[in-house]
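Reading through the structure tokens given below for one structure.
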Amino acid sequence: MASFALPVNEVFETIQGEGFHTGVPAIFVRLQGCDVGCSWCDTKHTWQVLDSDKVEPELIIGASGDTARWAHLTAVQLLEQFQTLYKAKHVVITGGEPCMYDLTELSNTLIEAGYSVQIETSGTYPVKVANKAWVTVSPKVEMKGGKVVIEQALHRANEIKHPVARERDLTNLKNLLAGMTKNLDVLVCLQPISQQQRATDLCIETCIENNWRLSLQTHKFIGIE
Ligand SMILES: C[S@@+](CC[C@H](N)C(=O)[O-])C[C@H]1O[C@@H](n2cnc3c(N)ncnc32)[C@H](O)[C@@H]1O
Ligand SMILES: Nc1nc2[nH]cc(C(=O)O)c2c(=O)[nH]1
Ligand code: SF4
Ligand SMILES: [Mg+2]
């Protein structure tokens, strides 16, 4: 079967800094493209997929820095790089919004090669990924792009990791949870937006009240990618 290529912004090995898998060594594959439009997004350089930003694959693997550059890479090309360059056996496919693309072939290829796979998604696109993949949905409600969180993503989620700045974000989360008809015991994390103290205090208080987990973007505190 012809392997189709995905637009990759960066590939790097680090420690998962967010959610249930915080602390796990991981290879990150950041895909280019997102039309959700979160004003506080910390990866805005991935929003547009411009031909003028397309480069050769060798400029992407292991490169660092927040640029809009991207290259087409196939599942086999990525797997070969992982097996040559990295030790981690957990792969996080993120973006940009990775579920703009069909991730089934990439995730199946990696799982068959012995990797665990996790997807970081906004929940605004159907999640097309291997059944064994871990899906982290970070619901994006009332963002500029006007997209809505879809039921299929919430029902496929292994964890819901909600970004919180103020009370309204908690109300939005509780409305999403109340509307779910399946996956009712999904794991819930709260993630303060941009490490704001008021948001962090609100998350701590709410996690204790609801027995939810706190997700702190630990990589930003210890200065790793
Ligand atoms: C950059 S997004 C990419 C994946 C996908 N588009 C999504 O939003 O889940 C990865 C994670 O970073 C979170 N995030 C982005 N900017 C953030 C910020 N300023 N503060 C806290 N979390 C942020 C998102 O909520 C998401 O959980
Ligand atoms: N260390 C680290 N952990 C992360 N977890 C989710 C991330 C993301 O940008 O999707 C991320 C990231 O950018 N770095
Ligand atoms: S959905 Fe994710 S990548 Fe897109 S703008 Fe929001 S936080 Fe950024
Ligand atoms: Mg990040």
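Starting from 1 in every chain, residues are counted up; chains themselves are A, B, ... following the order of the structure tokens, and ligands are numbered from 1 as listed.
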Show me which residues sit within 9 Å of ligand 1 when counting only C-alpha atoms and all ligand atoms, and put them as a ChimeraX atom specification.
/A:18-19,30-31,33-34,36,38-44,46,93-99,119-124,136-140,161-165,191-196,216-217
Report as JSON, numbers by chain all protein, DNA and RNA residues lying within 8 Å of region 126-132 of chain A, evaluated on only C-alpha atoms, omitting residues in the same chain fewer than 6 positions from it.
{"A": [99, 100, 101, 102, 103, 104, 105, 107, 108, 111, 117, 150, 152, 153, 156]}
List every residue of region 20-225 of chain A that DSSP, applied to the backbone of this structure, assigns to strand (DSSP E or B), and report them as number ranges by chain.
A: 25-31, 54, 61, 70-73, 90-94, 116-121, 134-137, 159-164, 187-192, 213-214
Name all residues at most 7 Å from region 66-74 of chain A (count only C-alpha atoms; drop same-chain ones fewer than 6 positions away) and give them as JSON, numbers by chain.
{"A": [3, 4, 5, 6, 7, 8, 9, 32, 45, 46, 53, 54, 55, 56, 57, 60]}
Residues of region 20-198 of chain A in helix (DSSP H, G or I) according to DSSP, as number ranges by chain?
A: 44-46, 51-53, 57-59, 75-85, 98-100, 104-112, 151-156, 167-179, 193-195, 197-198
Select, from A:Val49, A:Val186, A:Val135, A:Leu110, the residue with the minimum atom-to-atom distance to ligand 2, counting only C-alpha atoms and all ligand atoms.
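Selected residue with least distance to ligand 2: A:Val135.
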May I ask for the distance between CA of Gln81 (chain A) and CA of Ile61 (chain A), given in Å to one decimal place?
7.7 Å
Can you pull out every residue within 7 Å of Arg213 (chain A), counting only C-alpha atoms, but drop anything in the same chain fewer than 2 positions away, and send it as a PyMOL selection string?
chain A and resi 188-190+207+211+215
Export of the given selection (C-alpha atoms) as a PDB file, in the first residue's frame:
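Saved the output as out_17.pdb:
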ATOM      1  CA  VAL A 188      -9.987  14.224  33.367  1.00  0.00           C
ATOM      2  CA  CYS A 189      -7.016  16.585  33.769  1.00  0.00           C
ATOM      3  CA  LEU A 190      -7.080  20.360  34.106  1.00  0.00           C
ATOM      4  CA  CYS A 207      -9.187  19.056  40.789  1.00  0.00           C
ATOM      5  CA  ASN A 211     -10.861  14.182  42.000  1.00  0.00           C
ATOM      6  CA  SER A 215      -1.494  18.879  34.301  1.00  0.00           C
TER       7      SER A 215
END
Give me, as number ranges by chain, all polymer residues having an atom no more than 9 Å from Lys89 (chain A), counting only C-alpha atoms and skipping those fewer than 2 positions away in the same chain.
A: 25-27, 82, 86-87, 91, 114-117
Those same residues - C-alpha atoms - I'd like them written as a PDB file, in the first residue's frame.
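Writing done, so here's selection_28.pdb:
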ATOM      1  CA  PRO A  25      10.271   9.716  27.661  1.00  0.00           C
ATOM      2  CA  ALA A  26       8.701  10.378  24.274  1.00  0.00           C
ATOM      3  CA  ILE A  27       9.424  11.095  20.629  1.00  0.00           C
ATOM      4  CA  PHE A  82      13.156   6.862  15.308  1.00  0.00           C
ATOM      5  CA  TYR A  86      16.082   7.846  19.475  1.00  0.00           C
ATOM      6  CA  LYS A  87      15.683   5.557  22.527  1.00  0.00           C
ATOM      7  CA  VAL A  91       5.479   8.490  20.365  1.00  0.00           C
ATOM      8  CA  GLY A 114       6.775  -1.829  19.208  1.00  0.00           C
ATOM      9  CA  TYR A 115       6.041   1.826  20.011  1.00  0.00           C
ATOM     10  CA  SER A 116       3.135   3.102  22.091  1.00  0.00           C
ATOM     11  CA  VAL A 117       1.352   5.999  20.368  1.00  0.00           C
TER      12      VAL A 117
END
CA of Gly146 (chain A) to CA of Tyr125 (chain A), distance in Å rounded to a single decimal:
12.5 Å
Could you tell me which of A:Gly145, A:Gly179, A:Gly23, A:Gly62 comes closest to Glu10 (chain A) if we count only C-alpha atoms?
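The shortest atom-to-atom distance to Glu10 (chain A) comes from A:Gly62.
If you measure from each of A:Phe12, A:Trp134, A:Trp212, A:Trp47 to ligand 2 using only C-alpha atoms and all ligand atoms, the closest one turns out to be A:Phe12.
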